[in-house]
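Chemist: Shown below is the structure under consideration.
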Amino acid sequence: MTQIETNQPLQNNNNKFKWLFFISIAILIVVIILNYRSRLDYENNFGKQSKELRDRLIKLESENNSLSSDLNGKKRILDSYLPYEPLLRNLKLKDSAYNSLPYRYGQRVTIMPDTASAVINSIEIIAGAYEYSVKYIVRTSNGTYIPVSVSDIISAQN
């Protein structure tokens, strides 16, 4: 009987190890399956995101190309105006000077020293880089044209 008693605990322990081995194998298989499924989900999600990013990149590249060609066209136009930049600056200065003048074309004015009546025929604005002078060319009642400065005009009638 002693021999039977000694074999039974070994068989009991062996049985426990078998169950423990099978449970650990089952847990390992479940972990592998879950890991595989999560990796597949990640790859599918990554594939969708990369496709969206690729489409967006293609769209942005086409927009960049069209904007670049527009910019090159505008740059060519601007380059054609660069030689005229000082002239354009001068015209802008003349326009701002004209807008600040108290008298306009066609206005009837009284000029000094003889208080003669005249009509402003043209305005001569001589402009440098940073300064300008103004001369009014007036036509007197006898038909002569006289250059007059702003300080020589007494009053104006409409």
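Naming scheme: A, B, ... for chains in displayed order of the structure tokens; residues 1 onward per chain; ligands 1 onward as shown.
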If you run DSSP on the backbone, which residues of stretch 11-118 of chain A are strand (DSSP E or B), as a short mmCIF file (atom, residue, chain, number, x, y, z; two decimals) with N, CA and C atoms, in the first residue's frame?
Modeler:
data_model
loop_
_atom_site.label_atom_id
_atom_site.label_comp_id
_atom_site.auth_asym_id
_atom_site.auth_seq_id
_atom_site.Cartn_x
_atom_site.Cartn_y
_atom_site.Cartn_z
N ARG A 108 -13.52 129.97 -60.80
CA ARG A 108 -13.27 131.40 -61.02
C ARG A 108 -12.60 131.94 -59.76
N VAL A 109 -11.48 132.63 -59.95
CA VAL A 109 -10.71 133.16 -58.83
C VAL A 109 -10.40 134.63 -59.07
N THR A 110 -10.07 135.30 -57.97
CA THR A 110 -9.59 136.68 -58.04
C THR A 110 -8.12 136.64 -57.70
N ILE A 111 -7.29 137.22 -58.57
CA ILE A 111 -5.85 137.15 -58.36
C ILE A 111 -5.29 138.52 -58.02
N ALA A 116 -7.80 141.05 -60.50
CA ALA A 116 -8.44 140.68 -61.76
C ALA A 116 -9.14 139.34 -61.59
N SER A 117 -10.22 139.16 -62.31
CA SER A 117 -10.96 137.91 -62.29
C SER A 117 -10.34 136.98 -63.32
N ALA A 118 -10.21 135.70 -62.97
CA ALA A 118 -9.61 134.71 -63.88
C ALA A 118 -10.21 133.34 -63.59
#
Chemist: Residues within 12 Å of stretch 75-89 of chain A, please, as number ranges by chain. Count only C-alpha atoms; anything in the same chain fewer than 6 positions from it doesn't count.
Modeler: A: 67-69, 95-96, 127-131
Chemist: If I take atom CA of A:Asn142 and atom CA of A:Gly106, how far is one from the other in Å, to one decimal?
Modeler: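 These two atoms are separated by 16.4 Å.
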Chemist: Identify, with DSSP run on backbone atoms, the residues in chain A assigned to alpha helix (DSSP H), and express the list as JSON, numbers by chain.
Modeler: {"A": [2, 3, 4, 5, 6, 7, 8, 9, 10, 11, 12, 13, 14, 15, 16, 17, 18, 19, 20, 21, 22, 23, 24, 25, 26, 27, 28, 29, 30, 31, 32, 33, 34, 35, 36, 37, 38, 39, 40, 41, 42, 43, 44, 45, 46, 47, 48, 49, 50, 51, 52, 53, 54, 55, 56, 57, 58, 59, 60, 61, 62, 63, 64, 65, 66, 67, 68, 69, 70, 71, 72, 73, 74, 75, 76, 77, 78, 79, 80, 81, 85, 86, 87, 88, 89, 90, 91, 92, 93, 94, 95, 96, 97, 98, 99]}
Chemist: One decimal, Å: what's the distance from atom CA of A:Ser149 over to atom CA of A:Ile120, could you say?
Modeler: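 Separating atom CA of A:Ser149 from atom CA of A:Ile120 is a distance of 11.4 Å.
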Chemist: Would you work out the distance separating atom CA of A:Pro113 from atom CA of A:Asp152, expressed in Å to one decimal?
Modeler: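 Between atom CA of A:Pro113 and atom CA of A:Asp152 the gap is 7.6 Å.
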